[in-house]
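A.B. asks: Mind looking over this structure? Questions follow.
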Amino acid sequence: MHKPNSENQSGVILILSLFVLSIALVISLSFAAVFLKELKLSRAIVQSTVAFYAADAGVEYALSIDRKTPGGLTEGAYPGASLTNTASYQYTVSGTSPGRVIKSIGSFGTVQRSLEARY
């Protein structure tokens, strides 16, 4: 009988092991790439939401001041404020009542969102 050569078998096992490890590495790197894209997307969604609510805060603040001020706010741009979560807003007022327009731009991180209120 012919005995199998154990040296040849260990070479095949080594090549097969490297092939399996390479496939596992490719799959792992693919999952990591997808995960990083999803992480960036979720961060952008959070920033967008915070910027939207900052813009909403700007509209609400401008409406509040406009109602409290005799004759209302004068037309123009107002600097707004920075909020405790580092978001900020600025707003502009144009027109007269009825038909007055308040436009507020909220910013957070690299994202800006705007809202406009007409009354």
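Starting from 1 in every chain, residues are counted up; chains themselves are A, B, ... following the order of the structure tokens, and ligands are numbered from 1 as listed.
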As an MDAnalysis selection string, please: every residue in segment 5-113 of chain A that DSSP puts in alpha helix (DSSP H).

C.D. replies: chainID A and resid 6:68

A.B. asks: Could the residues in this selection be written to a file with C-alpha atoms, as a PDB file, in the first residue's frame?

C.D. replies:
ATOM      1  CA  SER A   6       1.976  14.031   5.197  1.00  0.00           C
ATOM      2  CA  GLU A   7       4.095  16.937   3.951  1.00  0.00           C
ATOM      3  CA  ASN A   8       1.837  17.437   0.910  1.00  0.00           C
ATOM      4  CA  GLN A   9      -1.260  17.279   3.064  1.00  0.00           C
ATOM      5  CA  SER A  10      -0.001  19.955   5.460  1.00  0.00           C
ATOM      6  CA  GLY A  11       0.688  22.246   2.501  1.00  0.00           C
ATOM      7  CA  VAL A  12      -2.871  21.825   1.254  1.00  0.00           C
ATOM      8  CA  ILE A  13      -4.239  22.473   4.739  1.00  0.00           C
ATOM      9  CA  LEU A  14      -2.157  25.654   5.014  1.00  0.00           C
ATOM     10  CA  ILE A  15      -3.420  26.965   1.656  1.00  0.00           C
ATOM     11  CA  LEU A  16      -7.008  26.049   2.535  1.00  0.00           C
ATOM     12  CA  SER A  17      -6.689  27.771   5.930  1.00  0.00           C
ATOM     13  CA  LEU A  18      -5.351  30.952   4.298  1.00  0.00           C
ATOM     14  CA  PHE A  19      -8.221  30.883   1.783  1.00  0.00           C
ATOM     15  CA  VAL A  20     -10.851  30.540   4.532  1.00  0.00           C
ATOM     16  CA  LEU A  21      -9.227  33.306   6.589  1.00  0.00           C
ATOM     17  CA  SER A  22      -9.130  35.575   3.538  1.00  0.00           C
ATOM     18  CA  ILE A  23     -12.839  35.066   2.942  1.00  0.00           C
ATOM     19  CA  ALA A  24     -13.572  35.780   6.618  1.00  0.00           C
ATOM     20  CA  LEU A  25     -11.492  38.967   6.419  1.00  0.00           C
ATOM     21  CA  VAL A  26     -13.331  40.183   3.296  1.00  0.00           C
ATOM     22  CA  ILE A  27     -16.706  39.541   4.948  1.00  0.00           C
ATOM     23  CA  SER A  28     -15.618  41.321   8.141  1.00  0.00           C
ATOM     24  CA  LEU A  29     -14.353  44.353   6.225  1.00  0.00           C
ATOM     25  CA  SER A  30     -17.607  44.506   4.257  1.00  0.00           C
ATOM     26  CA  PHE A  31     -19.635  44.515   7.462  1.00  0.00           C
ATOM     27  CA  ALA A  32     -17.376  47.217   8.910  1.00  0.00           C
ATOM     28  CA  ALA A  33     -17.846  49.428   5.839  1.00  0.00           C
ATOM     29  CA  VAL A  34     -21.641  49.073   6.017  1.00  0.00           C
ATOM     30  CA  PHE A  35     -21.589  49.761   9.756  1.00  0.00           C
ATOM     31  CA  LEU A  36     -19.536  52.952   9.310  1.00  0.00           C
ATOM     32  CA  LYS A  37     -21.912  54.248   6.620  1.00  0.00           C
ATOM     33  CA  GLU A  38     -24.893  53.580   8.872  1.00  0.00           C
ATOM     34  CA  LEU A  39     -23.158  55.316  11.763  1.00  0.00           C
ATOM     35  CA  LYS A  40     -22.520  58.436   9.648  1.00  0.00           C
ATOM     36  CA  LEU A  41     -26.114  58.408   8.444  1.00  0.00           C
ATOM     37  CA  SER A  42     -27.512  58.153  11.963  1.00  0.00           C
ATOM     38  CA  ARG A  43     -25.245  61.005  13.095  1.00  0.00           C
ATOM     39  CA  ALA A  44     -26.541  63.169  10.231  1.00  0.00           C
ATOM     40  CA  ILE A  45     -30.134  62.355  11.182  1.00  0.00           C
ATOM     41  CA  VAL A  46     -29.493  63.391  14.784  1.00  0.00           C
ATOM     42  CA  GLN A  47     -27.847  66.646  13.677  1.00  0.00           C
ATOM     43  CA  SER A  48     -30.712  67.365  11.288  1.00  0.00           C
ATOM     44  CA  THR A  49     -33.298  66.802  14.004  1.00  0.00           C
ATOM     45  CA  VAL A  50     -31.493  69.063  16.477  1.00  0.00           C
ATOM     46  CA  ALA A  51     -31.080  71.776  13.812  1.00  0.00           C
ATOM     47  CA  PHE A  52     -34.800  71.547  12.984  1.00  0.00           C
ATOM     48  CA  TYR A  53     -35.783  72.018  16.623  1.00  0.00           C
ATOM     49  CA  ALA A  54     -33.338  74.907  16.952  1.00  0.00           C
ATOM     50  CA  ALA A  55     -35.067  76.574  13.990  1.00  0.00           C
ATOM     51  CA  ASP A  56     -38.410  75.882  15.666  1.00  0.00           C
ATOM     52  CA  ALA A  57     -37.123  77.514  18.858  1.00  0.00           C
ATOM     53  CA  GLY A  58     -36.158  80.564  16.810  1.00  0.00           C
ATOM     54  CA  VAL A  59     -39.652  80.871  15.326  1.00  0.00           C
ATOM     55  CA  GLU A  60     -41.285  80.453  18.732  1.00  0.00           C
ATOM     56  CA  TYR A  61     -38.970  83.014  20.304  1.00  0.00           C
ATOM     57  CA  ALA A  62     -39.591  85.538  17.524  1.00  0.00           C
ATOM     58  CA  LEU A  63     -43.354  85.028  17.775  1.00  0.00           C
ATOM     59  CA  SER A  64     -43.198  85.507  21.537  1.00  0.00           C
ATOM     60  CA  ILE A  65     -41.192  88.746  21.264  1.00  0.00           C
ATOM     61  CA  ASP A  66     -43.374  89.982  18.404  1.00  0.00           C
ATOM     62  CA  ARG A  67     -46.521  89.520  20.498  1.00  0.00           C
ATOM     63  CA  LYS A  68     -44.992  91.205  23.569  1.00  0.00           C
TER      64      LYS A  68
END

A.B. asks: Determine which residues of chain A receive a DSSP assignment of strand (DSSP E), computed from the backbone, and state them as number ranges by chain.

C.D. replies: A: 76-82, 88-94, 101-108, 111-118

A.B. asks: If I take atom CA of Gln112 of chain A and atom CA of Thr69 of chain A, how far is one from the other in Å, to one decimal?

C.D. replies: 28.3 Å

A.B. asks: Env of Ile105 of chain A: 6 Å cut, atoms = only C-alpha atoms, seq-sep filter 2 positions within chain, self excluded. Answer as a PDB file with C-alpha atoms, in the first residue's frame.

C.D. replies:
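Writing done, so here's selection_32.pdb:
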ATOM      1  CA  ALA A  55     -35.067  76.574  13.990  1.00  0.00           C
ATOM      2  CA  TYR A  89     -30.677  79.876  15.554  1.00  0.00           C
ATOM      3  CA  GLN A  90     -31.070  83.199  13.850  1.00  0.00           C
ATOM      4  CA  ARG A 113     -32.538  73.597   8.784  1.00  0.00           C
ATOM      5  CA  SER A 114     -34.993  76.443   8.300  1.00  0.00           C
TER       6      SER A 114
END

A.B. asks: Could you jot down the atom CA of Tyr78 of chain A to atom CA of Pro98 of chain A separation for me, Å, one decimal place?

C.D. replies: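 Going from atom CA of Tyr78 of chain A over to atom CA of Pro98 of chain A, I get 20.4 Å.
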
A.B. asks: Hey, what's within 7 Å of Val93 of chain A if we count only C-alpha atoms and toss same-chain stuff fewer than 6 positions away? As a PyMOL selection string, please?

C.D. replies: chain A and resi 75-77+101-103
